$ cat data_3.csv   # CSV, C-alpha atoms
chain,number,residue,atom,x,y,z
A,2,MET,CA,-31.1,44.0,5.1
A,3,ASP,CA,-27.3,43.9,4.5
A,4,CYS,CA,-25.4,44.9,1.4
A,5,THR,CA,-25.3,41.4,0.0
A,6,ASN,CA,-29.1,40.9,0.2
A,7,ALA,CA,-29.6,44.4,-1.1
A,8,ARG,CA,-27.5,43.8,-4.2
A,9,THR,CA,-29.3,40.5,-4.8
A,10,TRP,CA,-32.7,42.2,-4.7
A,11,LEU,CA,-31.4,45.0,-7.0
A,12,ALA,CA,-30.4,42.3,-9.5
A,13,PHE,CA,-34.1,41.2,-9.7
A,14,ARG,CA,-35.6,44.6,-9.3
A,15,LYS,CA,-38.2,45.7,-11.9
A,16,PRO,CA,-40.2,48.9,-11.1
A,17,GLY,CA,-43.5,48.0,-9.5
A,18,GLU,CA,-42.7,44.3,-9.1
A,19,LEU,CA,-40.7,44.1,-5.9
A,20,PRO,CA,-42.8,42.8,-2.9
A,21,ALA,CA,-43.9,45.7,-0.7
A,22,ASP,CA,-42.0,44.4,2.4
A,23,GLU,CA,-38.8,43.8,0.5
A,24,LEU,CA,-39.1,47.2,-1.2
A,25,ALA,CA,-39.4,48.9,2.2
A,26,ALA,CA,-36.4,47.0,3.6
A,27,LEU,CA,-34.4,47.9,0.4
A,28,THR,CA,-35.4,51.5,0.6
A,29,ALA,CA,-34.4,51.7,4.3
A,30,HIS,CA,-31.0,50.1,3.5
A,31,LEU,CA,-30.4,52.5,0.6
A,32,THR,CA,-31.0,55.5,2.8
A,33,ALA,CA,-28.4,54.2,5.2
A,34,CYS,CA,-25.8,52.8,2.7
A,35,ALA,CA,-24.1,55.2,0.3
A,36,ALA,CA,-22.3,52.4,-1.6
A,37,CYS,CA,-25.6,50.5,-2.4
A,38,ALA,CA,-27.4,53.8,-3.2
A,39,ALA,CA,-24.6,54.6,-5.7
A,40,ALA,CA,-25.0,51.1,-7.1
A,41,VAL,CA,-28.7,51.6,-7.6
A,42,ALA,CA,-28.1,54.9,-9.3
A,43,GLY,CA,-25.6,53.2,-11.6
A,44,ALA,CA,-28.0,50.4,-12.3
A,45,ASP,CA,-30.9,52.8,-13.0
A,46,ALA,CA,-28.7,54.7,-15.4
A,47,PHE,CA,-27.6,51.5,-17.1
A,48,ASP,CA,-31.2,50.2,-17.4
A,49,ALA,CA,-32.4,53.6,-18.8
A,50,ALA,CA,-29.5,53.7,-21.3
A,51,VAL,CA,-30.0,50.1,-22.4
A,52,GLY,CA,-33.8,50.7,-22.6
A,53,ARG,CA,-33.2,53.7,-24.9
A,54,ALA,CA,-30.8,51.8,-27.1
A,55,MET,CA,-33.0,48.7,-27.2
A,56,THR,CA,-35.9,50.6,-28.7
A,57,ALA,CA,-33.7,52.8,-30.9
A,58,VAL,CA,-34.4,50.8,-34.0
A,59,PRO,CA,-35.4,52.8,-37.1
A,60,VAL,CA,-38.6,51.4,-38.6
A,61,PRO,CA,-38.3,51.1,-42.4
A,62,THR,CA,-40.2,53.6,-44.4
A,63,GLY,CA,-43.3,52.1,-46.0
A,64,LEU,CA,-43.4,49.1,-43.7
A,65,ARG,CA,-46.9,49.9,-42.5
A,66,ASP,CA,-48.2,50.2,-46.1
A,67,ARG,CA,-46.6,46.9,-47.1
A,68,LEU,CA,-48.1,45.2,-44.0
A,69,LEU,CA,-51.6,46.6,-44.8
A,70,LYS,CA,-51.3,45.5,-48.4
A,71,GLN,CA,-50.2,42.0,-47.4
A,72,ALA,CA,-53.0,41.9,-44.8
A,73,ALA,CA,-55.6,42.8,-47.5
A,74,ALA,CA,-54.2,40.1,-49.9
A,75,ARG,CA,-54.3,37.5,-47.1
A,76,ALA,CA,-57.8,38.5,-46.1
A,77,ARG,CA,-58.9,38.0,-49.8
A,78,THR,CA,-57.1,34.7,-50.0
A,79,THR,CA,-58.6,33.6,-46.7
A,80,ALA,CA,-62.1,34.6,-47.8
A,81,LEU,CA,-61.7,32.8,-51.1
A,82,ARG,CA,-60.4,29.7,-49.3
A,83,LYS,CA,-63.4,29.8,-46.9
A,84,LEU,CA,-65.7,30.2,-49.9
A,85,GLY,CA,-64.1,27.2,-51.5
A,86,GLN,CA,-64.5,25.2,-48.4
A,87,ALA,CA,-68.1,26.2,-48.1
A,88,ALA,CA,-68.7,25.2,-51.8
A,89,GLY,CA,-66.9,21.9,-51.1
A,90,ILE,CA,-69.1,21.2,-48.1
A,91,ALA,CA,-72.3,22.2,-50.1
A,92,ALA,CA,-71.2,19.9,-52.9
A,93,THR,CA,-70.6,17.0,-50.5
A,94,VAL,CA,-74.0,17.6,-48.9
A,95,LEU,CA,-75.7,17.6,-52.3
A,96,VAL,CA,-74.0,14.4,-53.3
A,97,ALA,CA,-74.9,12.8,-50.0
A,98,LEU,CA,-78.5,13.9,-50.4
A,99,GLY,CA,-78.5,12.6,-54.0
A,100,ILE,CA,-77.3,9.2,-52.7
A,101,VAL,CA,-79.9,9.1,-50.0
A,102,TYR,CA,-82.6,10.0,-52.5
A,103,GLY,CA,-81.3,7.4,-54.9
A,104,VAL,CA,-81.4,4.8,-52.2
A,105,PHE,CA,-84.9,5.9,-51.2
A,106,VAL,CA,-86.1,5.7,-54.8
A,107,THR,CA,-84.6,2.3,-55.3
A,108,LEU,CA,-85.8,0.8,-52.0
A,109,ARG,CA,-89.4,2.1,-51.9
A,110,PRO,CA,-91.8,-0.7,-52.7
A,111,THR,CA,-93.9,-1.0,-55.9
A,112,PHE,CA,-97.6,-0.5,-55.5
A,113,HIS,CA,-99.3,-3.7,-56.6
A,114,VAL,CA,-103.0,-3.0,-57.6
A,115,ASP,CA,-103.6,-6.8,-58.1
A,116,ASP,CA,-102.5,-7.5,-54.5
A,117,LEU,CA,-104.9,-4.8,-53.4
A,118,THR,CA,-107.9,-6.2,-55.3
A,119,VAL,CA,-107.2,-9.7,-54.0
A,120,ARG,CA,-107.1,-8.4,-50.5
A,121,GLU,CA,-110.3,-6.3,-50.8
A,122,ASP,CA,-112.0,-9.3,-52.4
A,123,ALA,CA,-111.3,-11.3,-49.3
A,124,VAL,CA,-112.7,-8.5,-47.1
A,125,ARG,CA,-115.8,-8.2,-49.2
A,126,ASP,CA,-116.2,-12.0,-49.3
A,127,ASP,CA,-116.0,-12.4,-45.5
A,128,PRO,CA,-115.6,-9.1,-43.7
A,129,GLU,CA,-116.0,-10.7,-40.2
A,130,ARG,CA,-113.2,-13.1,-40.8
A,131,ALA,CA,-111.0,-10.3,-42.3
A,132,VAL,CA,-111.6,-8.2,-39.2
A,133,ARG,CA,-110.9,-11.2,-36.9
A,134,ASP,CA,-107.6,-11.9,-38.8
A,135,TRP,CA,-106.6,-8.3,-38.6
A,136,LEU,CA,-107.3,-8.1,-34.8
A,137,LEU,CA,-105.3,-11.3,-34.3
A,138,ALA,CA,-102.4,-9.9,-36.2
A,139,ALA,CA,-102.6,-6.7,-34.1
A,140,ASN,CA,-102.6,-8.7,-30.9
A,141,LEU,CA,-106.1,-7.5,-30.0
A,142,PRO,CA,-109.0,-9.5,-28.7
A,143,THR,CA,-110.9,-11.1,-31.6
A,144,ASP,CA,-114.3,-11.3,-29.7
A,145,LEU,CA,-116.0,-7.9,-30.1
A,146,PRO,CA,-118.4,-6.9,-27.4
A,147,LEU,CA,-121.3,-6.3,-29.7
A,148,ASP,CA,-123.0,-8.7,-32.1
A,149,LEU,CA,-122.4,-6.4,-35.1
A,150,ASP,CA,-123.8,-7.1,-38.6
A,151,PHE,CA,-120.8,-7.4,-40.8
A,152,ARG,CA,-122.8,-6.9,-44.0
A,153,ASN,CA,-122.6,-3.2,-43.1
A,154,HIS,CA,-118.8,-3.3,-42.7
A,155,VAL,CA,-117.0,-0.7,-44.8
A,156,PHE,CA,-113.5,-0.3,-43.2
A,157,HIS,CA,-111.1,-1.5,-40.6
A,158,GLY,CA,-107.7,-0.1,-39.9
A,159,THR,CA,-106.3,2.6,-37.7
A,160,GLU,CA,-107.2,6.3,-37.2
A,161,ARG,CA,-105.1,9.1,-35.8
A,162,VAL,CA,-106.6,10.1,-32.4
A,163,GLN,CA,-104.6,12.4,-30.2
A,164,ASP,CA,-101.4,11.7,-32.1
A,165,ARG,CA,-101.8,7.9,-31.6
A,166,ASP,CA,-103.0,5.2,-34.1
A,167,VAL,CA,-106.2,3.7,-32.7
A,168,PRO,CA,-107.7,0.6,-34.3
A,169,VAL,CA,-111.2,1.1,-35.6
A,170,VAL,CA,-113.9,-0.9,-37.4
A,171,MET,CA,-116.4,1.1,-39.4
A,172,PHE,CA,-120.0,0.3,-40.5
A,173,GLN,CA,-122.4,2.1,-42.7
A,174,ILE,CA,-126.2,1.8,-43.4
A,175,HIS,CA,-127.5,3.5,-46.5
A,176,ARG,CA,-130.9,5.1,-46.4
A,177,PRO,CA,-132.5,6.4,-49.7
A,178,GLY,CA,-132.2,10.2,-50.0
A,179,GLN,CA,-130.3,10.6,-46.8
A,180,ARG,CA,-126.7,10.6,-45.7
A,181,PRO,CA,-125.7,7.1,-44.5
A,182,ASP,CA,-125.7,6.2,-40.9
A,183,VAL,CA,-122.4,5.4,-39.4
A,184,ALA,CA,-121.1,3.3,-36.5
A,185,LYS,CA,-117.4,3.3,-35.6
A,186,LEU,CA,-116.0,0.8,-33.0
A,187,TYR,CA,-112.7,2.0,-31.6
A,188,LEU,CA,-110.4,-0.4,-29.7
A,189,VAL,CA,-108.7,1.8,-27.1
A,190,ARG,CA,-105.6,0.3,-25.5
A,191,ARG,CA,-104.9,1.1,-21.9
A,192,ALA,CA,-101.2,1.2,-22.9
A,193,GLN,CA,-101.9,4.2,-25.1
A,194,PHE,CA,-104.4,6.2,-23.1
A,195,ASN,CA,-105.4,7.0,-19.5
A,196,LEU,CA,-108.9,5.5,-19.5
A,197,GLY,CA,-109.8,6.4,-15.9
A,198,GLN,CA,-112.2,9.2,-16.8
A,199,LEU,CA,-113.7,7.5,-19.8
A,200,LYS,CA,-117.5,8.1,-20.1
A,201,ASP,CA,-120.4,8.3,-22.6
A,202,SER,CA,-120.8,11.4,-24.7
A,203,GLN,CA,-123.3,13.1,-27.1
A,204,SER,CA,-122.9,15.7,-29.9
A,205,SER,CA,-125.1,17.0,-32.7
A,206,PHE,CA,-124.9,13.9,-34.9
A,207,PHE,CA,-122.9,11.3,-32.9
A,208,SER,CA,-123.5,9.4,-29.7
A,209,GLY,CA,-120.4,8.0,-28.0
A,210,LYS,CA,-120.8,4.9,-25.8
A,211,VAL,CA,-118.1,3.3,-23.7
A,212,VAL,CA,-118.3,-0.5,-23.6
A,213,ARG,CA,-116.0,-2.0,-21.0
A,214,PRO,CA,-115.1,-5.6,-21.9
A,215,SER,CA,-115.0,-8.6,-19.8
A,216,GLU,CA,-112.2,-9.3,-17.3
A,217,SER,CA,-110.5,-11.5,-19.9
A,218,GLN,CA,-109.7,-8.5,-22.0
A,219,PRO,CA,-108.2,-6.1,-19.5
A,220,GLY,CA,-106.0,-4.2,-21.9
A,221,VAL,CA,-108.7,-2.8,-24.2
A,222,VAL,CA,-111.8,-0.6,-23.8
A,223,TYR,CA,-114.3,-0.2,-26.7
A,224,VAL,CA,-115.8,3.1,-27.7
A,225,VAL,CA,-118.6,3.1,-30.2
A,226,LEU,CA,-119.6,6.3,-32.1
A,227,TYR,CA,-122.9,6.1,-34.0
A,228,THR,CA,-125.4,8.3,-35.7
A,229,THR,CA,-128.5,6.3,-35.1
A,230,GLU,CA,-130.9,6.5,-32.1
A,231,SER,CA,-129.4,3.2,-30.9
A,232,LEU,CA,-126.9,0.6,-32.0
A,233,THR,CA,-129.7,-1.9,-32.9
A,234,PRO,CA,-129.7,-1.1,-36.6
A,235,PHE,CA,-125.9,-2.2,-36.7
A,236,GLN,CA,-126.4,-5.3,-34.8
A,237,ASN,CA,-127.6,-8.8,-36.0
A,238,PRO,CA,-131.2,-9.4,-35.2
A,239,PRO,CA,-131.8,-11.5,-32.2
A,240,ARG,CA,-131.5,-15.2,-33.0
A,241,PRO,CA,-134.8,-17.1,-32.4
A,242,GLN,CA,-134.7,-19.3,-29.3
A,243,LEU,CA,-135.0,-22.9,-30.2
B,6,MET,CA,-61.8,44.6,-45.9
B,7,GLY,CA,-64.7,43.7,-43.6
B,8,LEU,CA,-64.7,43.3,-39.8
B,9,ALA,CA,-61.6,41.0,-39.7
B,10,GLY,CA,-59.8,43.4,-42.1
B,11,HIS,CA,-60.6,46.3,-39.8
B,12,GLY,CA,-59.3,44.3,-36.8
B,13,ILE,CA,-56.0,43.5,-38.4
B,14,ARG,CA,-55.6,47.1,-39.6
B,15,THR,CA,-56.0,48.3,-36.0
B,16,LEU,CA,-53.5,45.7,-34.8
B,17,ILE,CA,-51.0,46.8,-37.5
B,18,ASP,CA,-51.4,50.5,-36.7
B,19,ALA,CA,-51.0,49.9,-32.9
B,20,HIS,CA,-48.2,47.4,-32.9
B,21,TYR,CA,-46.2,47.1,-36.1
B,22,GLU,CA,-43.4,49.4,-34.9
B,23,ALA,CA,-42.9,47.6,-31.6
B,24,LEU,CA,-43.1,44.3,-33.3
B,25,PHE,CA,-40.5,45.3,-35.9
B,26,ARG,CA,-38.1,46.5,-33.2
B,27,TYR,CA,-38.6,43.3,-31.2
B,28,ALA,CA,-37.9,41.3,-34.4
B,29,TYR,CA,-34.8,43.3,-35.1
B,30,ARG,CA,-33.4,42.8,-31.7
B,31,LEU,CA,-34.1,39.0,-31.9
B,32,SER,CA,-32.7,38.5,-35.4
B,33,GLY,CA,-30.1,41.3,-35.7
B,34,SER,CA,-31.1,42.0,-39.3
B,35,ALA,CA,-33.5,44.6,-40.7
B,36,SER,CA,-34.6,42.4,-43.6
B,37,ASP,CA,-35.1,39.4,-41.3
B,38,ALA,CA,-37.0,41.7,-38.9
B,39,GLU,CA,-39.3,42.8,-41.7
B,40,ASP,CA,-39.9,39.3,-42.9
B,41,LEU,CA,-40.7,38.2,-39.3
B,42,THR,CA,-43.1,41.1,-38.8
B,43,GLN,CA,-44.9,40.3,-42.0
B,44,GLU,CA,-45.0,36.6,-41.1
B,45,ALA,CA,-46.4,37.4,-37.6
B,46,PHE,CA,-49.2,39.6,-38.9
B,47,GLY,CA,-49.9,37.0,-41.6
B,48,LYS,CA,-50.3,34.3,-39.0
B,49,ALA,CA,-52.3,36.7,-36.8
B,50,ILE,CA,-54.8,37.2,-39.7
B,51,THR,CA,-55.6,33.5,-39.9
B,52,ARG,CA,-55.9,33.2,-36.1
B,53,LEU,CA,-57.7,36.5,-35.3
B,54,ASP,CA,-60.6,34.5,-33.8
B,55,GLN,CA,-58.2,33.1,-31.2
B,56,LEU,CA,-57.5,36.6,-29.8
B,57,ARG,CA,-60.1,36.6,-26.9
B,58,GLU,CA,-58.7,39.5,-25.0
B,59,PRO,CA,-57.9,42.5,-27.2
B,60,ASP,CA,-56.0,44.1,-24.3
B,61,ARG,CA,-53.5,41.2,-24.7
B,62,ALA,CA,-53.0,41.8,-28.4
B,63,LYS,CA,-49.4,43.0,-28.0
B,64,ALA,CA,-48.3,40.0,-26.0
B,65,TRP,CA,-50.1,37.7,-28.4
B,66,LEU,CA,-48.4,39.2,-31.4
B,67,PHE,CA,-45.0,39.2,-29.7
B,68,ARG,CA,-45.5,35.5,-28.9
B,69,ILE,CA,-46.5,34.7,-32.6
B,70,LEU,CA,-43.4,36.6,-33.7
B,71,ARG,CA,-41.0,34.8,-31.3
B,72,ASN,CA,-42.4,31.4,-32.4
B,73,ALA,CA,-41.9,32.4,-36.1
B,74,TYR,CA,-38.3,33.4,-35.2
B,75,LEU,CA,-37.6,30.1,-33.4
B,76,HIS,CA,-38.9,28.1,-36.3
B,77,ARG,CA,-36.6,30.1,-38.6
B,78,VAL,CA,-33.6,29.6,-36.3
B,79,ARG,CA,-34.3,25.9,-36.1
B,80,ASP,CA,-34.7,25.6,-39.8
B,81,GLU,CA,-31.5,27.5,-40.5
B,82,LYS,CA,-29.6,25.8,-37.6
B,83,ARG,CA,-28.3,29.1,-36.5
B,84,HIS,CA,-27.1,28.9,-32.9
B,85,LYS,CA,-25.0,31.7,-31.6
B,86,THR,CA,-24.2,31.4,-28.0
B,87,VAL,CA,-21.9,32.8,-25.4
B,88,PRO,CA,-21.3,30.5,-22.4
B,89,LEU,CA,-23.2,32.2,-19.6
B,90,ASP,CA,-21.7,29.9,-17.1
B,91,ALA,CA,-18.7,32.1,-17.4
B,92,VAL,CA,-20.7,35.1,-16.2
B,93,GLY,CA,-21.9,33.9,-12.9
B,94,ASP,CA,-25.3,33.6,-11.3
B,95,VAL,CA,-25.8,36.9,-9.5
B,96,PRO,CA,-24.2,40.2,-10.2
B,97,GLN,CA,-21.7,41.3,-7.6
B,98,GLY,CA,-19.6,44.3,-8.2
B,99,VAL,CA,-19.9,44.3,-12.0
B,100,PRO,CA,-18.9,47.7,-13.2
B,101,ASP,CA,-21.4,49.8,-15.2
B,102,PRO,CA,-20.4,50.8,-18.7
B,103,ALA,CA,-18.7,54.1,-18.8
B,104,GLY,CA,-21.1,57.0,-19.3
B,105,VAL,CA,-24.9,56.6,-19.6
B,106,ASP,CA,-25.3,56.2,-23.3
B,107,VAL,CA,-25.3,52.8,-25.0
B,108,ASP,CA,-24.4,52.4,-28.6
B,109,PRO,CA,-27.4,50.5,-30.2
B,110,ALA,CA,-25.1,48.7,-32.7
B,111,LYS,CA,-22.8,47.5,-29.8
B,112,LEU,CA,-25.9,46.5,-27.9
B,113,GLN,CA,-27.1,44.5,-31.0
B,114,ALA,CA,-23.7,42.8,-31.3
B,115,ALA,CA,-23.9,41.8,-27.7
B,116,LEU,CA,-27.5,40.4,-28.2
B,117,ASP,CA,-26.5,38.6,-31.3
B,118,ASP,CA,-23.9,36.6,-29.3
B,119,LEU,CA,-26.4,35.7,-26.6
B,120,ASP,CA,-28.4,32.5,-26.6
B,121,GLU,CA,-32.1,33.1,-27.5
B,122,THR,CA,-33.2,31.7,-24.1
B,123,PHE,CA,-31.4,34.7,-22.5
B,124,ARG,CA,-31.8,37.2,-25.3
B,125,THR,CA,-35.6,37.1,-25.4
B,126,PRO,CA,-36.2,37.9,-21.7
B,127,LEU,CA,-33.6,40.6,-21.9
B,128,VAL,CA,-35.2,42.3,-25.0
B,129,LEU,CA,-38.7,42.0,-23.5
B,130,PHE,CA,-37.4,43.4,-20.2
B,131,TYR,CA,-36.3,46.5,-21.8
B,132,PHE,CA,-39.4,46.9,-24.0
B,133,GLU,CA,-42.0,48.9,-22.1
B,134,GLY,CA,-45.0,47.1,-20.6
B,135,PHE,CA,-43.6,43.6,-20.2
B,136,SER,CA,-43.7,42.4,-16.6
B,137,TYR,CA,-41.8,39.3,-15.3
B,138,ARG,CA,-45.2,37.5,-15.6
B,139,ASP,CA,-45.6,38.6,-19.2
B,140,ILE,CA,-42.1,37.4,-20.1
B,141,ALA,CA,-42.8,34.1,-18.3
B,142,GLU,CA,-46.0,33.6,-20.3
B,143,GLN,CA,-44.2,34.5,-23.5
B,144,MET,CA,-41.6,31.9,-22.9
B,145,ASP,CA,-43.7,29.3,-21.1
B,146,LEU,CA,-41.3,29.4,-18.2
B,147,PRO,CA,-41.7,29.7,-14.4
B,148,ILE,CA,-41.3,33.3,-13.3
B,149,GLY,CA,-38.3,32.4,-11.1
B,150,THR,CA,-36.4,31.0,-14.1
B,151,VAL,CA,-37.1,34.2,-16.0
B,152,MET,CA,-35.8,36.4,-13.2
B,153,SER,CA,-32.7,34.2,-12.9
B,154,ARG,CA,-32.0,34.3,-16.6
B,155,LEU,CA,-32.6,38.1,-16.7
B,156,ALA,CA,-30.2,38.7,-13.9
B,157,ARG,CA,-27.5,36.7,-15.6
B,158,ALA,CA,-28.2,38.2,-19.0
B,159,LYS,CA,-27.9,41.7,-17.5
B,160,VAL,CA,-24.6,40.9,-16.0
B,161,TYR,CA,-23.4,39.6,-19.4
B,162,LEU,CA,-24.7,42.8,-21.0
B,163,ARG,CA,-22.9,45.0,-18.5
B,164,THR,CA,-19.7,43.1,-19.0
B,165,ARG,CA,-19.9,43.3,-22.8
B,166,LEU,CA,-20.9,46.9,-22.9
B,167,ALA,CA,-18.3,47.9,-20.3
B,168,SER,CA,-15.5,46.1,-22.0
B,169,SER,CA,-13.6,47.9,-24.7
B,170,THR,CA,-13.2,44.8,-26.8
B,171,ASP,CA,-15.9,42.1,-27.4
B,172,PRO,CA,-15.2,38.6,-26.4
B,173,ALA,CA,-15.2,36.0,-29.2
B,174,PRO,CA,-18.4,34.0,-29.5
B,175,ALA,CA,-18.2,30.5,-28.2
B,176,GLY,CA,-19.6,28.7,-31.2
B,177,ASP,CA,-21.7,29.0,-34.3

$ encode --input "data_3.csv" --output "structure tokens"
Amino acid sequence: MDCTNARTWLAFRKPGELPADELAALTAHLTACAACAAAVAGADAFDAAVGRAMTAVPVPTGLRDRLLKQAAARARTTALRKLGQAAGIAATVLVALGIVYGVFVTLRPTFHVDDLTVREDAVRDDPERAVRDWLLAANLPTDLPLDLDFRNHVFHGTERVQDRDVPVVMFQIHRPGQRPDVAKLYLVRRAQFNLGQLKDSQSSFFSGKVVRPSESQPGVVYVVLYTTESLTPFQNPPRPQL
Amino acid sequence: MGLAGHGIRTLIDAHYEALFRYAYRLSGSASDAEDLTQEAFGKAITRLDQLREPDRAKAWLFRILRNAYLHRVRDEKRHKTVPLDAVGDVPQGVPDPAGVDVDPAKLQAALDDLDETFRTPLVLFYFEGFSYRDIAEQMDLPIGTVMSRLARAKVYLRTRLASSTDPAPAGD
């Protein structure tokens, strides 16, 4: 390293920040060059003197207390502003909820008892037709697999089974002094359930019977639950052969 | 004061003196320095959640203060500059000021006449704990630019402090 390079490096020197190889070359040069060594000593003295002067600024008395007081005031203001913002958000949410509730109240339909009586009249008048119309509307096969006696029909609609709405038609036969016998015909869609393992079952009161439909109805399997010995009481009597 | 209050109290206790001195060297006025210090801590309170590395709090506060100072200077249209082109790029044979003591008032007069883009790296250089990289981050500049400005600013400072009479500022 020559004197020109050494003086250049000295200009950019900051303790601890000169690359190791350059520092070694500079140190070697300074050992050999009295003029540059003197320049370094002068630069060091200058830097030290400027550094002392630079930080020799008297800090005003009481500045710390004033800063702390200001910080406390700002913290209070900030907290109040945040509280105000939170209150504003809460008010907005309440207004929005009120609007939603108002819309909900306005848009929900009126319950018409007269409509209901007319509908139930139609079911009672011709339950078989009512069930057929309902199956048609639900895009289900209208030909049921059993010749059921619809005079015993009490309900048709859907029932929640394993978190799915399953169409069901229900029949009841009343016996004096006893609980009525029940038969429920479920229309189980293949689209809703895995029907591969479906089989008959028996419990204390109910028997479960799987009725697989004809090939023309591939999308549905029927499951009948009933409390009688057999399904015969719920079926129409055999028609006489002519 | 709560957790945030405790945090700002710690920051104030640890850094208010250094921050005031930095503000004074930037502005050249004790009252401006106090205003800037208050403004810096005021802004720090509202942005305390942005301080992800507590070890970098000093650099963070210095940066906030410098930005506040720059806003103020821009608003007041105060530009005091000495043409550094007249100084030269790299110091060669510039005499050191006589003796080893520098008069703080004379130093401030020299800083006041220096453009902020040279004054800030010079002040940070002589404040303990600021590396070239720290200064570069403070000023959003490449490290080479910082080194170059520092070298030129130091030459200017040596010239001013070594001369018996101050040169007239170039403009206001």

$ closest_residue --input "data_3.csv" --among "B:Arg154, B:Arg124, B:Arg26, B:His20" --to "chain A" --atoms "all atoms listed in the file"
B:Arg26

$ residues_near_point --input "data_3.csv" --point "(-27.3, 45.0, -27.2)" --cutoff "9 Å" --atoms "only C-alpha atoms" --output "ChimeraX atom specification"
/A:51,54-55 /B:30,107-117,128,162,165-166

$ closest_residue --input "data_3.csv" --among "A:Pro168, A:Pro238, A:Gly63, A:Gly52" --to "Tyr223 of chain A" --atoms "all atoms listed in the file"
A:Pro168

$ interface_residues --input "data_3.csv" --of "chain A" --to "chain B" --cutoff "10 Å" --atoms "only C-alpha atoms" --output "ChimeraX atom specification"
/A:5,8-18,40,43-61,64-77,79

$ atom_distance --input "data_3.csv" --atom1 "atom CA of Val41 of chain A" --atom2 "atom CA of Asp139 of chain B"
24.3 Å

$ atom_distance --input "data_3.csv" --atom1 "atom CA of Ala141 of chain B" --atom2 "atom CA of Phe67 of chain B"
12.7 Å

$ residues_around --input "data_3.csv" --residues "Ser204 of chain A" --least-positions-apart "4" --cutoff "12 Å" --atoms "only C-alpha atoms" --output "ChimeraX atom specification"
/A:208-210,226-228

$ decode --input "data_3.csv" --residues "segment 79-90 of chain A" --atoms "N, CA, C and O atoms" --output "PDB file, in the first residue's frame"
ATOM      1  N   THR A  79     -54.665   8.732  23.192  1.00  0.00           N
ATOM      2  CA  THR A  79     -54.703   7.574  22.296  1.00  0.00           C
ATOM      3  C   THR A  79     -55.729   6.558  22.788  1.00  0.00           C
ATOM      4  O   THR A  79     -56.510   6.012  22.008  1.00  0.00           O
ATOM      5  N   ALA A  80     -55.733   6.332  24.128  1.00  0.00           N
ATOM      6  CA  ALA A  80     -56.682   5.360  24.696  1.00  0.00           C
ATOM      7  C   ALA A  80     -58.115   5.822  24.469  1.00  0.00           C
ATOM      8  O   ALA A  80     -58.992   5.031  24.093  1.00  0.00           O
ATOM      9  N   LEU A  81     -58.347   7.134  24.675  1.00  0.00           N
ATOM     10  CA  LEU A  81     -59.699   7.667  24.479  1.00  0.00           C
ATOM     11  C   LEU A  81     -60.112   7.556  23.010  1.00  0.00           C
ATOM     12  O   LEU A  81     -61.256   7.232  22.697  1.00  0.00           O
ATOM     13  N   ARG A  82     -59.127   7.834  22.115  1.00  0.00           N
ATOM     14  CA  ARG A  82     -59.452   7.758  20.684  1.00  0.00           C
ATOM     15  C   ARG A  82     -59.812   6.323  20.308  1.00  0.00           C
ATOM     16  O   ARG A  82     -60.764   6.065  19.581  1.00  0.00           O
ATOM     17  N   LYS A  83     -59.016   5.370  20.856  1.00  0.00           N
ATOM     18  CA  LYS A  83     -59.289   3.954  20.553  1.00  0.00           C
ATOM     19  C   LYS A  83     -60.657   3.546  21.107  1.00  0.00           C
ATOM     20  O   LYS A  83     -61.397   2.793  20.468  1.00  0.00           O
ATOM     21  N   LEU A  84     -60.966   4.071  22.322  1.00  0.00           N
ATOM     22  CA  LEU A  84     -62.270   3.779  22.920  1.00  0.00           C
ATOM     23  C   LEU A  84     -63.382   4.326  22.034  1.00  0.00           C
ATOM     24  O   LEU A  84     -64.395   3.655  21.786  1.00  0.00           O
ATOM     25  N   GLY A  85     -63.166   5.555  21.541  1.00  0.00           N
ATOM     26  CA  GLY A  85     -64.139   6.180  20.653  1.00  0.00           C
ATOM     27  C   GLY A  85     -64.317   5.371  19.378  1.00  0.00           C
ATOM     28  O   GLY A  85     -65.440   5.165  18.908  1.00  0.00           O
ATOM     29  N   GLN A  86     -63.176   4.903  18.833  1.00  0.00           N
ATOM     30  CA  GLN A  86     -63.249   4.098  17.609  1.00  0.00           C
ATOM     31  C   GLN A  86     -64.019   2.806  17.872  1.00  0.00           C
ATOM     32  O   GLN A  86     -64.859   2.390  17.060  1.00  0.00           O
ATOM     33  N   ALA A  87     -63.722   2.179  19.027  1.00  0.00           N
ATOM     34  CA  ALA A  87     -64.401   0.918  19.364  1.00  0.00           C
ATOM     35  C   ALA A  87     -65.903   1.161  19.523  1.00  0.00           C
ATOM     36  O   ALA A  87     -66.734   0.366  19.050  1.00  0.00           O
ATOM     37  N   ALA A  88     -66.237   2.290  20.189  1.00  0.00           N
ATOM     38  CA  ALA A  88     -67.659   2.613  20.366  1.00  0.00           C
ATOM     39  C   ALA A  88     -68.319   2.852  19.007  1.00  0.00           C
ATOM     40  O   ALA A  88     -69.462   2.429  18.774  1.00  0.00           O
ATOM     41  N   GLY A  89     -67.594   3.526  18.128  1.00  0.00           N
ATOM     42  CA  GLY A  89     -68.117   3.781  16.780  1.00  0.00           C
ATOM     43  C   GLY A  89     -68.371   2.494  16.024  1.00  0.00           C
ATOM     44  O   GLY A  89     -69.422   2.326  15.387  1.00  0.00           O
ATOM     45  N   ILE A  90     -67.394   1.580  16.126  1.00  0.00           N
ATOM     46  CA  ILE A  90     -67.541   0.286  15.445  1.00  0.00           C
ATOM     47  C   ILE A  90     -68.727  -0.475  16.027  1.00  0.00           C
ATOM     48  O   ILE A  90     -69.553  -1.040  15.296  1.00  0.00           O
TER      49      ILE A  90
END
